[in-house]
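K.L.:
Provided herewith is a single structure, encoded as structure tokens, for subsequent inquiry.
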Amino acid sequence: MNEIIDTLIIRIFLLIFICVIILLYKYSHFLLYPSSKGQFLKRFYPSKNAAETVHLFGRILGLGLLFSQFQIYLTDGFFYAFFDFFITAVITFSLYLVALYIMESIALYNFEYADEISKKKNMSYALISAAHALGLAKLLQVSVNVSTESGRHVIILIIFLWLFTVVIIGFAIKTFKLISKLNFNQLVVQKNLAIGLSYLGFFLGWVIIISSAINQPIGDIKNYGIQVILKILLSLIIFPLFHAALVYIFKIEPDLEEAQIEGAMGVPTVSTGYGIYEGCMHLTTAYLTTVITGNIHFPF
């Protein structure tokens, strides 16, 4: 009976805690986007800015995903469980904000939130930011679940995995120009949906691959790191094979020239359909890759 009451209290506390975290996230924009301080104190009208709606709720969904599989250990009592959860959650939330800042500094270094969201209502920028929010939350969620020993979270392991995954995903997003035929900076400037949808599938595809690689018992850190790197290298071998197989089986003709259309002021741009194709291809191929590298087991 006491355990039922304890779990009920913890669930109520978790509800309050997540609401507080969302509030803290709102005011963290003063640090993340200092040029838009006044924007976050005003009333929000979703119908007036769809890009801001996507950006905002992408972050809120990311926070929900971040805490969606949090393990709360009651074996050492209610107060220890509360303390362990609180410390781990605060550190995880802080790491999440830092990771978002790093990713946007790498991918969107040519663009400012105040200009692209508040003024230009740039949906492609919003989709790219939403991809970062959801993807980094998933990586941290897996990192927290893996970083447990003897029924408790190990903060040093969470930080280690955070650094490890941020470095890998940071290098990974640099491959977008190699994989995609789309001109990233030009199409974001044009507020083209194709680049946002393509990048969304690309980034989440990499998140699937990295999450699958790190989702294994840590044990010895050196051996763990080697296993993760080997899984990612294996994925890099299998990914293009699946990609080529899908193109061959369905006779796909990804002709970028045919996807070009006339945009505003007569400037050539790319159709949304091509961006959907690239995003779906990246995401599907990444998932099929993890079926081979991470979801086939050989029990003895």
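In the structure tokens, the first chain shown is A, the next is B, and so on; residue numbers restart at 1 for each chain, and ligands run from 1 in the order shown.
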Show me, as number ranges by chain, the residues that have an atom within 10 Å of Ile173 of chain A when counting only C-alpha atoms, minus same-chain residues fewer than 5 positions from it.
P.N.:
A: 103, 106-107, 168, 178, 199, 202-203, 206
K.L.:
Please provide as a VMD selection string all residues within 8 Å of Trp162 of chain A, with the sequence filter that same-chain residues fewer than 3 positions apart are discarded (counting only C-alpha atoms).
P.N.:
chain A and resid 95 140 143 158 to 159 165 to 166
K.L.:
Rank A:Lys42, A:Ser124, A:Arg11, A:His132 by their smallest atom-to-atom distance to Phe85 of chain A, using only C-alpha atoms, and report the top residue only.
P.N.:
A:Arg11
K.L.:
Neighbours of Ala213 of chain A within 7 Å (only C-alpha atoms; same-chain residues fewer than 6 positions away dropped), as a CSV table (one decimal) with C-alpha atoms, in the first residue's frame?
P.N.:
chain,number,residue,atom,x,y,z
A,228,VAL,CA,29.5,1.9,-30.4
A,231,LYS,CA,28.2,-0.2,-34.9
A,232,ILE,CA,28.2,3.2,-36.5
A,294,GLY,CA,21.1,-3.2,-33.7
K.L.:
May I ask which of the residues A:Ser147, A:Asn183, A:Ser271, A:Ser129 is the closest one to Leu56 of chain A, counting only C-alpha atoms?
P.N.:
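Checking each of A:Ser147, A:Asn183, A:Ser271, A:Ser129 against Leu56 of chain A, counting only C-alpha atoms, the winner is A:Ser129.
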K.L.:
Enumerate, as a list in words, the complete set of residues in segment 70-203 of chain A that a backbone-based DSSP assignment places in strand (DSSP E).
P.N.:
Thr148, Glu149, Arg152 and His153 of chain A
K.L.:
Which residues come within 8 Å of Asn192 of chain A, counting only C-alpha atoms, excluding same-chain residues fewer than 5 positions away, as a PyMOL selection string?
P.N.:
chain A and resi 123-124+187+269-270+272
K.L.:
List every residue of segment 2-206 of chain A that DSSP, applied to the backbone of this structure, places in alpha helix (DSSP H), and write the result as number ranges by chain.
P.N.:
A: 2-32, 50-66, 78-107, 113, 123-146, 155-173, 176-179, 184-189, 193-206
K.L.:
Quick one: residues within 7 Å of Tyr125 of chain A, only C-alpha atoms counted, chain neighbours fewer than 6 positions away excluded, as a ChimeraX atom specification?
P.N.:
/A:116,188,196
K.L.:
Please produce an output containing N, CA and C atoms for each residue in the selection, written as a short mmCIF file (atom, residue, chain, number, x, y, z; two decimals), in the first residue's frame.
P.N.:
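Produced file result_0.cif, reproduced below:
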data_model
loop_
_atom_site.label_atom_id
_atom_site.label_comp_id
_atom_site.auth_asym_id
_atom_site.auth_seq_id
_atom_site.Cartn_x
_atom_site.Cartn_y
_atom_site.Cartn_z
N GLU A 116 14.52 34.84 -38.52
CA GLU A 116 13.89 33.75 -39.27
C GLU A 116 12.50 33.39 -38.74
N VAL A 188 17.16 27.67 -47.24
CA VAL A 188 16.67 28.21 -45.97
C VAL A 188 16.37 29.70 -46.12
N GLY A 196 13.69 21.98 -45.26
CA GLY A 196 13.29 21.65 -43.89
C GLY A 196 12.87 20.20 -43.75
#
K.L.:
For Ala131 of chain A, which residue among A:Leu197, A:Ile169, A:Ile210, A:Leu63 is the nearest when counting only C-alpha atoms?
P.N.:
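The answer is A:Leu197, which sits nearest to Ala131 of chain A.
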K.L.:
Dump as a Markdown table the rows for residues of segment 153-219 of chain A within 10 Å of segment 238-256 of chain A: closest atom pair and distance in Å with one decimal, only C-alpha atoms counted, ordered by chain and rising residue number.
P.N.:
| residue | atom | partner | partner_atom | distance |
| --- | --- | --- | --- | --- |
| A:Ile179 | CA | A:Pro240 | CA | 9.9 |
| A:Lys181 | CA | A:Leu256 | CA | 7.3 |
| A:Leu182 | CA | A:Leu256 | CA | 8.2 |
| A:Ile209 | CA | A:Phe239 | CA | 9.8 |
K.L.:
Only N, CA and C atoms, please: the residues just picked out, written as a compact mmCIF listing (two decimals), in the first residue's frame.
P.N.:
# COMPACT_ATOMS: atom_id res chain seq x y z
N ILE A 179 25.22 14.01 -48.71
CA ILE A 179 24.11 13.10 -48.99
C ILE A 179 23.00 13.77 -49.78
N LYS A 181 21.21 16.61 -52.29
CA LYS A 181 21.51 17.42 -53.47
C LYS A 181 21.05 18.86 -53.31
N LEU A 182 20.42 19.15 -52.18
CA LEU A 182 19.86 20.48 -51.96
C LEU A 182 20.89 21.44 -51.39
N ILE A 209 20.20 5.89 -35.86
CA ILE A 209 21.43 5.10 -35.95
C ILE A 209 22.26 5.22 -34.68
K.L.:
Given the choices A:Ile18, A:Leu233, A:Val54, A:Ile128, which gets closest to Gly279 of chain A if the distance is worked out from only C-alpha atoms?
P.N.:
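Going through A:Ile18, A:Leu233, A:Val54, A:Ile128 one by one, the smallest distance to Gly279 of chain A is for A:Ile128.
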K.L.:
Would you mind telling me which residue in A:Thr175, A:Tyr96, A:Phe17, A:Ile87 lies nearest to Leu163 of chain A when using only C-alpha atoms?
P.N.:
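Once distances to Leu163 of chain A are computed over only C-alpha atoms, the minimum belongs to A:Tyr96.
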K.L.:
What is the distance, in Å and to one decimal place, between atom CA of Leu161 of chain A and atom CA of Ile226 of chain A?
P.N.:
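Spanning atom CA of Leu161 of chain A to atom CA of Ile226 of chain A is a straight-line distance of 13.2 Å.
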K.L.:
Please measure the separation of atom CA of Ser211 of chain A and atom CA of Val142 of chain A, giving the value in Å to one decimal.
P.N.:
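Rounded to one decimal, the two atoms are 6.5 Å apart.
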K.L.:
Quick one: everything within 10 Å of Gln141 of chain A, counting only C-alpha atoms, minus sequence neighbours fewer than 5 positions away in the same chain. Send it as a list in words.
P.N.:
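The residues that qualify are Gly62, Leu63, Leu65, Leu66, Phe67, Ser68, Gln69, Phe70, Thr92, Tyr96, Gly135, Leu136, Val146, Ile158 and Ser211 of chain A.
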K.L.:
Work out how far atom CA of Thr293 of chain A is from atom CA of Leu139 of chain A, in Å to one decimal.
P.N.:
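Interatomic distance, atom CA of Leu139 of chain A to atom CA of Thr293 of chain A: 17.2 Å.
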